[in-house]
file run_14.txt (compact mmCIF, C-alpha atoms and all ligand atoms)
# COMPACT_ATOMS: atom_id res chain seq x y z
CA MET A 15 89.27 107.35 109.99
CA LYS A 16 90.60 103.94 111.00
CA LYS A 17 92.98 103.29 113.85
CA ILE A 18 95.11 100.25 113.18
CA LEU A 19 97.52 98.62 115.60
CA ILE A 20 100.36 96.78 113.84
CA THR A 21 102.55 94.75 116.20
CA GLY A 22 106.15 93.85 115.37
CA GLY A 23 106.44 96.67 112.84
CA ALA A 24 110.13 97.24 113.51
CA GLY A 25 110.92 93.67 112.44
CA PHE A 26 111.49 92.22 109.01
CA ILE A 27 107.99 91.63 107.61
CA GLY A 28 106.29 94.11 109.94
CA SER A 29 108.40 97.01 108.65
CA HIS A 30 107.24 96.34 105.08
CA VAL A 31 103.62 96.07 106.24
CA VAL A 32 103.78 99.29 108.29
CA ARG A 33 105.35 101.21 105.39
CA ARG A 34 102.72 99.96 102.97
CA PHE A 35 99.82 100.91 105.25
CA VAL A 36 101.27 104.33 106.20
CA LYS A 37 101.90 105.22 102.56
CA ASN A 38 98.81 103.69 100.92
CA TYR A 39 96.24 104.71 103.52
CA PRO A 40 96.85 108.31 104.58
CA SER A 41 93.43 108.47 106.25
CA TYR A 42 94.32 105.59 108.62
CA GLN A 43 96.20 106.18 111.86
CA ILE A 44 98.87 103.49 112.05
CA PHE A 45 100.28 102.57 115.47
CA ASN A 46 103.39 100.44 115.35
CA LEU A 47 103.85 98.57 118.64
CA ASP A 48 107.22 96.89 119.04
CA ALA A 49 109.37 95.88 122.01
CA LEU A 50 112.54 96.40 119.93
CA THR A 51 114.07 93.04 120.79
CA TYR A 52 117.30 92.08 119.02
CA ALA A 53 115.14 91.56 115.87
CA GLY A 54 113.41 94.95 115.96
CA ASN A 55 115.17 97.88 114.38
CA LEU A 56 113.75 101.38 113.92
CA GLU A 57 116.18 101.94 111.06
CA ASN A 58 113.93 99.58 109.07
CA ILE A 59 111.22 102.25 109.05
CA LYS A 60 113.25 105.43 109.40
CA ASP A 61 111.84 106.77 106.10
CA ILE A 62 108.28 106.95 107.48
CA GLU A 63 108.86 108.00 111.08
CA LYS A 64 107.77 111.59 110.46
CA GLU A 65 104.60 110.75 108.50
CA PRO A 66 101.55 112.37 110.16
CA ASN A 67 99.54 109.13 110.20
CA TYR A 68 102.29 107.12 111.92
CA THR A 69 102.99 106.60 115.62
CA PHE A 70 105.62 104.34 117.12
CA VAL A 71 104.89 102.82 120.53
CA LYS A 72 107.64 100.96 122.34
CA GLY A 73 106.05 98.20 124.38
CA ASP A 74 105.89 94.52 125.13
CA ILE A 75 102.86 92.42 124.18
CA THR A 76 103.54 90.15 127.16
CA ASP A 77 102.69 93.08 129.48
CA GLU A 78 98.96 92.59 130.03
CA HIS A 79 98.36 95.87 131.88
CA PHE A 80 100.20 97.92 129.27
CA ILE A 81 98.27 96.30 126.41
CA ASN A 82 94.91 96.83 128.12
CA GLU A 83 95.71 100.49 128.79
CA LEU A 84 96.84 101.03 125.19
CA PHE A 85 93.56 99.62 123.85
CA ILE A 86 91.51 101.74 126.29
CA GLN A 87 93.43 104.88 125.28
CA GLN A 88 93.43 104.35 121.53
CA GLN A 89 90.23 102.39 120.75
CA PHE A 90 91.68 100.54 117.76
CA ASP A 91 89.48 99.44 114.86
CA GLY A 92 91.88 96.79 113.67
CA VAL A 93 94.91 94.79 114.75
CA ILE A 94 97.53 93.26 112.44
CA HIS A 95 99.59 91.06 114.72
CA LEU A 96 103.10 90.19 113.60
CA ALA A 97 105.16 90.58 116.80
CA ALA A 98 106.76 87.26 117.62
CA GLU A 99 109.88 85.41 118.49
CA SER A 100 110.54 84.08 115.01
CA HIS A 101 113.77 82.11 114.84
CA VAL A 102 113.50 78.30 115.01
CA ASP A 103 117.09 77.82 116.24
CA ARG A 104 116.51 80.23 119.13
CA SER A 105 113.29 78.37 120.01
CA ILE A 106 115.30 75.19 120.47
CA GLU A 107 117.57 77.00 122.95
CA ASP A 108 114.82 78.86 124.85
CA PRO A 109 111.30 77.52 124.16
CA LEU A 110 109.69 79.42 127.05
CA ALA A 111 110.56 82.80 125.51
CA PHE A 112 108.48 81.68 122.51
CA VAL A 113 105.53 80.68 124.69
CA LYS A 114 105.66 84.05 126.46
CA THR A 115 105.66 86.23 123.36
CA ASN A 116 103.88 84.08 120.79
CA VAL A 117 101.19 82.55 123.02
CA ILE A 118 100.74 84.84 126.04
CA GLY A 119 101.45 87.99 124.02
CA THR A 120 98.79 86.97 121.48
CA MET A 121 96.37 86.19 124.33
CA ASN A 122 96.87 89.67 125.79
CA LEU A 123 96.04 91.24 122.43
CA LEU A 124 93.01 88.98 121.95
CA ASN A 125 91.68 89.79 125.43
CA ALA A 126 92.19 93.53 124.99
CA ALA A 127 90.47 93.47 121.57
CA LYS A 128 87.61 91.35 122.93
CA LYS A 129 87.11 93.71 125.88
CA GLN A 130 87.05 96.75 123.63
CA TRP A 131 84.95 95.32 120.81
CA LEU A 132 82.49 92.92 122.51
CA GLY A 133 78.93 94.00 121.72
CA ASN A 134 79.95 95.91 118.60
CA PHE A 135 82.15 93.99 116.19
CA GLU A 136 81.05 96.11 113.22
CA GLY A 137 84.09 97.31 111.23
CA LYS A 138 86.54 95.55 113.56
CA ARG A 139 89.15 92.97 112.58
CA PHE A 140 91.89 90.97 114.33
CA TYR A 141 94.44 89.77 111.77
CA HIS A 142 96.89 87.15 113.00
CA VAL A 143 99.99 86.61 110.85
CA SER A 144 101.26 83.05 111.04
CA THR A 145 103.49 80.54 109.34
CA ASP A 146 103.21 77.39 107.22
CA GLU A 147 105.45 75.67 109.78
CA VAL A 148 102.34 74.92 111.92
CA TYR A 149 101.44 72.18 109.40
CA GLY A 150 104.59 70.15 110.14
CA SER A 151 106.58 68.39 107.47
CA LEU A 152 105.66 67.12 104.00
CA GLY A 153 107.19 64.16 102.18
CA ALA A 154 108.35 64.52 98.59
CA GLU A 155 104.75 65.07 97.36
CA GLY A 156 101.76 67.19 98.33
CA LEU A 157 101.03 70.74 99.42
CA PHE A 158 99.74 72.38 102.61
CA THR A 159 96.15 73.58 102.19
CA GLU A 160 94.05 75.55 104.66
CA THR A 161 92.54 72.27 105.88
CA THR A 162 95.83 70.42 106.47
CA PRO A 163 95.84 69.32 110.15
CA TYR A 164 98.30 71.13 112.40
CA ASP A 165 101.37 69.06 113.27
CA PRO A 166 104.09 71.41 114.54
CA ASN A 167 107.55 69.99 115.24
CA SER A 168 109.67 72.85 116.64
CA PRO A 169 109.00 74.94 119.76
CA TYR A 170 108.61 77.94 117.38
CA SER A 171 105.96 76.26 115.24
CA ALA A 172 104.23 74.81 118.33
CA SER A 173 103.96 78.32 119.81
CA LYS A 174 102.61 79.75 116.54
CA ALA A 175 100.15 76.84 116.22
CA SER A 176 98.95 77.49 119.76
CA SER A 177 98.41 81.18 119.04
CA ASP A 178 96.53 80.33 115.81
CA HIS A 179 94.22 78.01 117.82
CA PHE A 180 93.51 80.73 120.38
CA VAL A 181 92.66 83.24 117.66
CA ARG A 182 90.26 80.78 116.06
CA ALA A 183 88.80 79.89 119.48
CA TYR A 184 88.10 83.57 120.21
CA GLY A 185 86.27 83.72 116.89
CA GLU A 186 84.15 80.66 117.72
CA THR A 187 83.59 81.42 121.41
CA TYR A 188 83.18 85.19 121.49
CA GLY A 189 82.49 85.98 117.84
CA LEU A 190 85.74 87.97 117.49
CA PRO A 191 86.12 88.90 113.81
CA TYR A 192 89.47 87.42 112.85
CA VAL A 193 91.49 86.36 109.84
CA ILE A 194 94.64 84.21 109.91
CA THR A 195 97.23 83.78 107.19
CA ASN A 196 99.86 81.05 107.11
CA CYS A 197 102.78 82.06 104.92
CA SER A 198 105.88 80.34 103.63
CA ASN A 199 109.49 81.56 104.09
CA ASN A 200 109.98 85.24 103.32
CA TYR A 201 113.12 86.87 102.00
CA GLY A 202 114.03 90.44 101.07
CA PRO A 203 115.49 93.70 102.42
CA ASN A 204 115.73 94.21 106.22
CA HIS A 205 115.85 90.51 107.02
CA PHE A 206 117.85 89.91 110.20
CA PRO A 207 121.09 88.16 109.24
CA GLU A 208 120.48 85.08 111.36
CA LYS A 209 118.10 83.70 108.71
CA LEU A 210 119.41 81.71 105.73
CA ILE A 211 119.43 84.19 102.81
CA PRO A 212 120.74 87.32 104.62
CA LEU A 213 123.14 85.23 106.72
CA PHE A 214 124.65 83.73 103.58
CA ILE A 215 124.81 87.08 101.76
CA ASN A 216 126.62 88.55 104.79
CA ASN A 217 128.97 85.57 105.06
CA ILE A 218 129.78 85.64 101.33
CA ILE A 219 130.61 89.37 101.59
CA ASN A 220 132.90 88.56 104.54
CA ASN A 221 134.33 85.33 103.08
CA LYS A 222 132.97 83.28 105.98
CA PRO A 223 131.74 79.65 105.81
CA LEU A 224 128.15 79.03 104.62
CA PRO A 225 126.72 76.50 107.11
CA VAL A 226 124.23 74.20 105.30
CA TYR A 227 122.23 71.89 107.60
CA GLY A 228 122.43 68.11 107.01
CA ASP A 229 122.61 67.11 103.35
CA GLY A 230 121.08 70.39 102.13
CA ASN A 231 117.99 68.66 100.77
CA TYR A 232 115.54 70.47 103.04
CA THR A 233 112.96 72.13 100.83
CA ARG A 234 111.20 75.45 101.43
CA ASP A 235 108.85 77.70 99.49
CA TRP A 236 110.17 81.29 99.24
CA LEU A 237 108.19 84.50 98.91
CA PHE A 238 109.47 88.04 98.41
CA VAL A 239 108.57 90.03 101.53
CA LYS A 240 106.88 92.89 99.66
CA ASP A 241 104.54 90.38 98.02
CA HIS A 242 103.67 89.13 101.51
CA ALA A 243 102.88 92.72 102.53
CA VAL A 244 100.56 93.06 99.50
CA ALA A 245 98.80 89.82 100.49
CA ILE A 246 98.38 91.06 104.09
CA ASP A 247 96.88 94.32 102.81
CA LEU A 248 94.46 92.39 100.62
CA VAL A 249 93.39 89.91 103.31
CA PHE A 250 93.02 92.69 105.89
CA HIS A 251 90.65 94.58 103.61
CA ASP A 252 88.93 91.88 101.56
CA GLY A 253 89.42 88.58 103.41
CA LYS A 254 86.38 86.92 104.97
CA ASN A 255 86.03 86.90 108.74
CA HIS A 256 86.76 83.59 110.48
CA GLU A 257 88.82 82.35 107.52
CA THR A 258 92.39 81.22 107.04
CA TYR A 259 94.40 81.89 103.87
CA ASN A 260 97.66 80.22 102.91
CA ILE A 261 100.22 82.50 101.26
CA GLY A 262 103.14 81.12 99.25
CA GLY A 263 105.46 81.93 96.40
CA PHE A 264 104.74 78.90 94.16
CA ASN A 265 108.52 78.70 94.47
CA GLU A 266 110.03 75.57 96.06
CA TRP A 267 113.78 75.24 96.48
CA LYS A 268 116.08 72.68 98.08
CA ASN A 269 118.37 74.62 100.42
CA ILE A 270 121.51 73.51 98.65
CA ASP A 271 120.20 74.55 95.20
CA LEU A 272 119.17 77.93 96.57
CA VAL A 273 122.59 78.44 98.14
CA LYS A 274 124.32 77.61 94.85
CA VAL A 275 122.18 80.16 92.95
CA LEU A 276 122.88 82.74 95.65
CA CYS A 277 126.63 82.06 95.44
CA GLN A 278 126.57 82.50 91.67
CA LEU A 279 124.65 85.80 91.86
CA MET A 280 127.01 87.05 94.57
CA ASP A 281 130.05 86.10 92.47
CA GLN A 282 128.64 88.22 89.63
CA LYS A 283 127.81 91.16 91.91
CA LEU A 284 131.19 91.09 93.68
CA GLY A 285 133.17 90.55 90.47
CA ARG A 286 134.46 87.20 91.70
CA THR A 287 135.22 84.15 89.56
CA ILE A 288 132.07 82.00 89.21
CA GLY A 289 132.39 79.19 91.76
CA GLU A 290 134.44 81.19 94.25
CA SER A 291 131.67 81.82 96.80
CA ALA A 292 130.38 78.22 96.51
CA GLN A 293 133.69 77.08 97.98
CA LEU A 294 132.47 78.56 101.28
CA ILE A 295 129.64 75.98 101.52
CA THR A 296 130.13 73.85 104.65
CA TYR A 297 127.76 71.06 105.67
CA VAL A 298 126.99 71.20 109.40
CA LYS A 299 125.20 68.95 111.93
CA ASP A 300 121.47 68.94 111.34
CA ARG A 301 118.98 70.95 113.37
CA PRO A 302 116.98 68.62 115.69
CA GLY A 303 113.36 68.06 114.53
CA HIS A 304 114.18 69.58 111.15
CA ASP A 305 111.14 69.46 108.83
CA LEU A 306 112.02 67.96 105.44
CA ARG A 307 109.74 69.95 103.18
CA TYR A 308 107.21 72.78 103.32
CA ALA A 309 105.13 73.65 100.28
CA ILE A 310 102.08 75.84 100.11
CA ASP A 311 98.94 75.59 98.05
CA ALA A 312 98.11 79.30 97.71
CA SER A 313 95.19 78.77 95.33
CA LYS A 314 92.54 80.04 97.80
CA ILE A 315 94.01 83.54 98.11
CA ASN A 316 94.78 83.45 94.39
CA THR A 317 91.26 82.57 93.22
CA GLN A 318 89.23 84.35 95.93
CA LEU A 319 91.26 87.56 96.32
CA GLY A 320 93.24 87.64 93.07
CA TRP A 321 96.65 87.69 94.79
CA LYS A 322 99.80 86.26 93.24
CA PRO A 323 103.50 87.06 93.65
CA SER A 324 104.64 90.02 91.53
CA VAL A 325 108.31 89.12 91.16
CA THR A 326 110.13 85.95 90.17
CA PHE A 327 112.62 84.43 92.62
CA GLU A 328 115.52 85.60 90.45
CA GLU A 329 114.20 89.19 90.45
CA GLY A 330 113.50 89.14 94.19
CA LEU A 331 116.92 87.68 94.98
CA GLU A 332 118.63 90.33 92.89
CA ILE A 333 116.72 93.15 94.64
CA THR A 334 117.62 91.56 97.99
CA ILE A 335 121.33 91.17 97.21
CA ASP A 336 121.54 94.74 95.90
CA TRP A 337 119.86 96.01 99.05
CA TYR A 338 122.37 94.24 101.32
CA LEU A 339 125.32 95.39 99.24
CA ASN A 340 124.03 98.98 99.35
CA ASN A 341 123.18 98.86 103.05
CA GLN A 342 126.28 97.42 104.64
CA ASP A 343 126.00 99.99 107.44
CA TRP A 344 122.65 98.46 108.34
CA LEU A 345 124.23 95.00 108.33
CA ASN A 346 127.16 96.18 110.47
CA ASN A 347 124.81 97.94 112.88
CA VAL A 348 122.55 94.97 113.47
CA THR A 349 125.47 92.64 113.82
CA SER A 350 127.51 94.93 116.09
CA GLY A 351 124.83 96.15 118.52
CA ALA A 352 125.39 99.78 117.50
CA TYR A 353 121.67 100.02 116.91
CA ALA A 354 120.96 100.46 120.64
CA THR A 355 122.81 103.79 120.56
CA TYR A 356 120.69 104.93 117.61
CA TYR A 357 117.53 104.14 119.50
CA GLU A 358 118.69 106.02 122.66
CA LYS A 359 119.43 109.06 120.53
CA GLN A 360 116.10 108.96 118.68
CA TYR A 361 113.62 108.05 121.37
CA SER A 362 114.94 108.55 124.89
P1 LIG B 1 111.16 89.35 113.15
O1 LIG B 1 111.81 88.49 114.18
O2 LIG B 1 112.00 89.97 112.08
O3 LIG B 1 110.36 90.54 113.85
C1 LIG B 1 109.60 90.36 115.00
C2 LIG B 1 109.31 91.73 115.59
O4 LIG B 1 108.52 91.54 116.76
C3 LIG B 1 110.57 92.48 116.03
O5 LIG B 1 110.51 93.82 115.61
C4 LIG B 1 110.55 92.38 117.55
O6 LIG B 1 111.16 93.49 118.19
C5 LIG B 1 109.06 92.31 117.81
N1 LIG B 1 108.76 91.63 119.09
C6 LIG B 1 109.28 90.44 119.51
N2 LIG B 1 108.78 90.16 120.74
C7 LIG B 1 107.95 91.17 121.08
C8 LIG B 1 107.15 91.45 122.22
N3 LIG B 1 107.12 90.62 123.26
N4 LIG B 1 106.40 92.58 122.23
C9 LIG B 1 106.41 93.44 121.16
N5 LIG B 1 107.19 93.24 120.08
C10 LIG B 1 107.94 92.11 120.02
O7 LIG B 1 110.01 88.44 112.53
P2 LIG B 1 109.46 88.38 111.03
O8 LIG B 1 110.27 87.41 110.27
O9 LIG B 1 109.24 89.73 110.54
O10 LIG B 1 108.04 87.69 111.30
C11 LIG B 1 106.89 88.47 111.60
C12 LIG B 1 105.70 87.55 111.80
O11 LIG B 1 105.47 86.82 110.60
C13 LIG B 1 105.87 86.53 112.91
O12 LIG B 1 104.64 86.40 113.58
C14 LIG B 1 106.24 85.26 112.18
O13 LIG B 1 105.81 84.12 112.90
C15 LIG B 1 105.45 85.43 110.90
N6 LIG B 1 106.03 84.75 109.71
C16 LIG B 1 107.34 84.93 109.36
C17 LIG B 1 107.83 84.31 108.22
C18 LIG B 1 109.26 84.53 107.76
O14 LIG B 1 109.71 83.89 106.81
N7 LIG B 1 110.03 85.42 108.36
C19 LIG B 1 107.00 83.50 107.45
C20 LIG B 1 105.67 83.34 107.84
C21 LIG B 1 105.19 83.97 108.96
call {"tool": "encode", "arguments": {"input": "run_14.txt", "output": "structure tokens"}}
result
Amino acid sequence: MKKILITGGAGFIGSHVVRRFVKNYPSYQIFNLDALTYAGNLENIKDIEKEPNYTFVKGDITDEHFINELFIQQQFDGVIHLAAESHVDRSIEDPLAFVKTNVIGTMNLLNAAKKQWLGNFEGKRFYHVSTDEVYGSLGAEGLFTETTPYDPNSPYSASKASSDHFVRAYGETYGLPYVITNCSNNYGPNHFPEKLIPLFINNIINNKPLPVYGDGNYTRDWLFVKDHAVAIDLVFHDGKNHETYNIGGFNEWKNIDLVKVLCQLMDQKLGRTIGESAQLITYVKDRPGHDLRYAIDASKINTQLGWKPSVTFEEGLEITIDWYLNNQDWLNNVTSGAYATYYEKQYS
């Protein structure tokens, strides 16, 4: 019997990870710890809330006392840490909130795990989920590898870089068994509609402008969220302690090209004339410190653990669009604040 703490499991990626672990590992006890910030939504994991190996814990990783008590009570064997403030634009408005959750919150988890595990690390693992944004910006050529020096440019990526360094330092200093993964941009069902793909799907449905930063030439690698969850499962079980793995979709897109494909798919799905949704594209003032290009070399996880994405971008986008079109209540709830009422009813 393994007791695993997954943090941030009511968020976008975390909900897919929690579901995968609850369903695939019935002998594990999965604890989902989430503060239910604006980005956390229990509707994301409603289908598994009654599973016998699943427990939801509402709590804040910045609360040191609470985290220590939780570890003392539950004696976890493993931690998969996803809870974070995750939106770059919000980090520009309020950097300190990102330091509190992403740096201090991670420190609280590291300290609690160290206290519980020190002296007997056998069978224990601290898995820190991070981003490729810690590596900074690439020019037109090259890929981020696991040895690319950190060079974060936004308060979000600086806070994630800091937390990555602390995790590694706890491995070096105290011997804490850790793994870190740095992943490219995810997309898929349950993505909060402040991020590019769900925001644009929502705006196309509602005939609202599609705000494209700068000239639209910013380039990102995109990975379907369920393929990220598979990679996390694999690294958690088979990754080597004290190692970092890059995860990516082998799937680079300029923002403007991606938006045009999305518009075309949405036109088809909504029965609109091809080209109609693209008329909503509006170029807006650039984000400060905007990184030109991220691209991941995911060959280490591919060759060492045999992981590769299972769907093409076209397949993943279609699944994603269908999900949003079939779950407009979810979209309306997260955009209207009605979700708070749901939570009160379920858990108060
Ligand atoms: P998200 O914003 O959708 O979810 C974050 C979750 O963490 C939410 O459920 C929120 O309620 C919870 N949370 C926030 N602050 C908390 C706190 N103080 N205590 C407890 N819970 C708290 O984020 P996401 O996109 O699912 O990202 C998850 C993780 O993956 C993050 O660590 C992020 O840095 C990393 N990541 C994301 C991407 C991506 O494209 N979304 C790519 C690579 C890595």
call {"tool": "residues_near_ligand", "arguments": {"input": "run_14.txt", "ligand": "ligand LIG 1 (chain B)", "cutoff": "7 Å", "atoms": "only C-alpha atoms and all ligand atoms", "output": "ChimeraX atom specification"}}
result
/A:21-28,47-55,73-76,95-101,115,119,143-146,174,196-201,205-206
call {"tool": "atom_distance", "arguments": {"input": "run_14.txt", "atom1": "atom CA of Leu190 of chain A", "atom2": "atom CA of Lys138 of chain A"}}
result
8.6 Å
call {"tool": "closest_residue", "arguments": {"input": "run_14.txt", "among": "A:Asn116, A:Thr317, A:Gln130, A:Asn122", "to": "Asp91 of chain A", "atoms": "all atoms listed in the file"}}
result
A:Gln130
call {"tool": "residues_around", "arguments": {"input": "run_14.txt", "residues": "segment 230-244 of chain A", "least_positions_apart": "6", "cutoff": "7 Å", "atoms": "all atoms listed in the file", "output": "VMD selection string"}}
result
chain A and resid 27 30 to 31 198 to 202 262 to 270 306 to 309 323 to 324 330
call {"tool": "residues_near_point", "arguments": {"input": "run_14.txt", "point": "(93.7, 70.2, 103.8)", "cutoff": "12 Å", "atoms": "all atoms listed in the file", "output": "PyMOL selection string"}}
result
chain A and resi 149+156-164+258-260+310-312+314
call {"tool": "residues_around", "arguments": {"input": "run_14.txt", "residues": "segment 106-108 of chain A", "least_positions_apart": "5", "cutoff": "8 Å", "atoms": "all atoms listed in the file", "output": "ChimeraX atom specification"}}
result
/A:168-170
call {"tool": "write_last_selection", "arguments": {"input": "run_14.txt", "atoms": "C-alpha atoms", "output": "PDB file, in the coordinates of the input"}}
result
ATOM      1  CA  SER A 168     109.670  72.850 116.640  1.00  0.00           C
ATOM      2  CA  PRO A 169     109.000  74.940 119.760  1.00  0.00           C
ATOM      3  CA  TYR A 170     108.610  77.940 117.380  1.00  0.00           C
TER       4      TYR A 170
END
call {"tool": "atom_distance", "arguments": {"input": "run_14.txt", "atom1": "atom CA of Gly303 of chain A", "atom2": "atom CA of Thr120 of chain A"}}
result
24.9 Å
call {"tool": "closest_residue", "arguments": {"input": "run_14.txt", "among": "A:Ala111, A:Leu331, A:Met121, A:Leu84", "to": "Ala183 of chain A", "atoms": "all atoms listed in the file"}}
result
A:Met121
call {"tool": "closest_residue", "arguments": {"input": "run_14.txt", "among": "A:Asp336, A:Glu78, A:Asp103, A:Glu147", "to": "Leu284 of chain A", "atoms": "all atoms listed in the file"}}
result
A:Asp336
call {"tool": "axis_aligned_box", "arguments": {"input": "run_14.txt", "around": "segment 34-50 of chain A", "padding_each_side": "5 Å", "output": "lines of an AutoDock Vina configuration file"}}
result
center_x = 103.0
center_y = 102.2
center_z = 111.5
size_x = 29.1
size_y = 22.6
size_z = 31.1
call {"tool": "closest_residue", "arguments": {"input": "run_14.txt", "among": "A:Lys254, A:Leu279, A:Pro191, A:Gln87", "to": "Phe135 of chain A", "atoms": "only C-alpha atoms"}}
result
A:Pro191
call {"tool": "atom_distance", "arguments": {"input": "run_14.txt", "atom1": "atom CA of Asn347 of chain A", "atom2": "atom CA of Arg104 of chain A"}}
result
20.5 Å
call {"tool": "residues_around", "arguments": {"input": "run_14.txt", "residues": "Phe140 of chain A", "least_positions_apart": "4", "cutoff": "10 Å", "atoms": "only C-alpha atoms", "output": "list in words"}}
result
Ile18, Leu19, Asp91, Gly92, Val93, Ile94, His95, Leu123, Leu124, Ala127, Lys128, Val181, Gly185, Leu190, Pro191, Tyr192, Val193, Ile194, Phe250, Asn255 and His256 of chain A
call {"tool": "build_atoms", "arguments": {"input": "run_14.txt", "residues": "segment 312-334 of chain A", "atoms": "N, CA and C atoms", "output": "CSV table (one decimal), in the frame of the given file"}}
result
chain,number,residue,atom,x,y,z
A,312,ALA,N,98.6,77.9,97.5
A,312,ALA,CA,98.1,79.3,97.7
A,312,ALA,C,97.0,79.6,96.8
A,313,SER,N,96.2,78.5,96.3
A,313,SER,CA,95.2,78.8,95.3
A,313,SER,C,94.0,79.5,95.9
A,314,LYS,N,93.7,79.4,97.2
A,314,LYS,CA,92.5,80.0,97.8
A,314,LYS,C,92.7,81.6,97.7
A,315,ILE,N,93.8,82.1,98.2
A,315,ILE,CA,94.0,83.5,98.1
A,315,ILE,C,94.1,84.0,96.7
A,316,ASN,N,94.6,83.1,95.8
A,316,ASN,CA,94.8,83.4,94.4
A,316,ASN,C,93.4,83.6,93.7
A,317,THR,N,92.6,82.6,93.9
A,317,THR,CA,91.3,82.6,93.2
A,317,THR,C,90.3,83.5,93.9
A,318,GLN,N,90.3,83.5,95.3
A,318,GLN,CA,89.2,84.4,95.9
A,318,GLN,C,89.6,85.8,96.0
A,319,LEU,N,90.9,86.1,96.1
A,319,LEU,CA,91.3,87.6,96.3
A,319,LEU,C,92.1,88.1,95.2
A,320,GLY,N,92.5,87.2,94.2
A,320,GLY,CA,93.2,87.6,93.1
A,320,GLY,C,94.7,87.9,93.3
A,321,TRP,N,95.2,87.4,94.5
A,321,TRP,CA,96.6,87.7,94.8
A,321,TRP,C,97.6,86.7,94.1
A,322,LYS,N,98.7,87.2,93.6
A,322,LYS,CA,99.8,86.3,93.2
A,322,LYS,C,101.1,87.0,93.4
A,323,PRO,N,102.2,86.3,93.5
A,323,PRO,CA,103.5,87.1,93.6
A,323,PRO,C,103.8,87.9,92.4
A,324,SER,N,104.4,89.1,92.6
A,324,SER,CA,104.6,90.0,91.5
A,324,SER,C,106.0,89.9,90.9
A,325,VAL,N,106.9,89.3,91.7
A,325,VAL,CA,108.3,89.1,91.2
A,325,VAL,C,108.7,87.6,91.1
A,326,THR,N,109.6,87.3,90.2
A,326,THR,CA,110.1,86.0,90.2
A,326,THR,C,111.2,85.8,91.3
A,327,PHE,N,111.6,84.6,91.6
A,327,PHE,CA,112.6,84.4,92.6
A,327,PHE,C,113.9,85.1,92.2
A,328,GLU,N,114.3,85.0,90.9
A,328,GLU,CA,115.5,85.6,90.4
A,328,GLU,C,115.5,87.1,90.6
A,329,GLU,N,114.3,87.7,90.3
A,329,GLU,CA,114.2,89.2,90.4
A,329,GLU,C,114.3,89.6,91.9
A,330,GLY,N,113.5,88.8,92.8
A,330,GLY,CA,113.5,89.1,94.2
A,330,GLY,C,114.9,89.0,94.8
A,331,LEU,N,115.6,87.9,94.4
A,331,LEU,CA,116.9,87.7,95.0
A,331,LEU,C,117.9,88.8,94.6
A,332,GLU,N,117.7,89.3,93.4
A,332,GLU,CA,118.6,90.3,92.9
A,332,GLU,C,118.4,91.6,93.7
A,333,ILE,N,117.1,92.0,93.9
A,333,ILE,CA,116.7,93.2,94.6
A,333,ILE,C,117.3,93.0,96.1
A,334,THR,N,117.2,91.8,96.6
A,334,THR,CA,117.6,91.6,98.0
A,334,THR,C,119.1,91.7,98.1
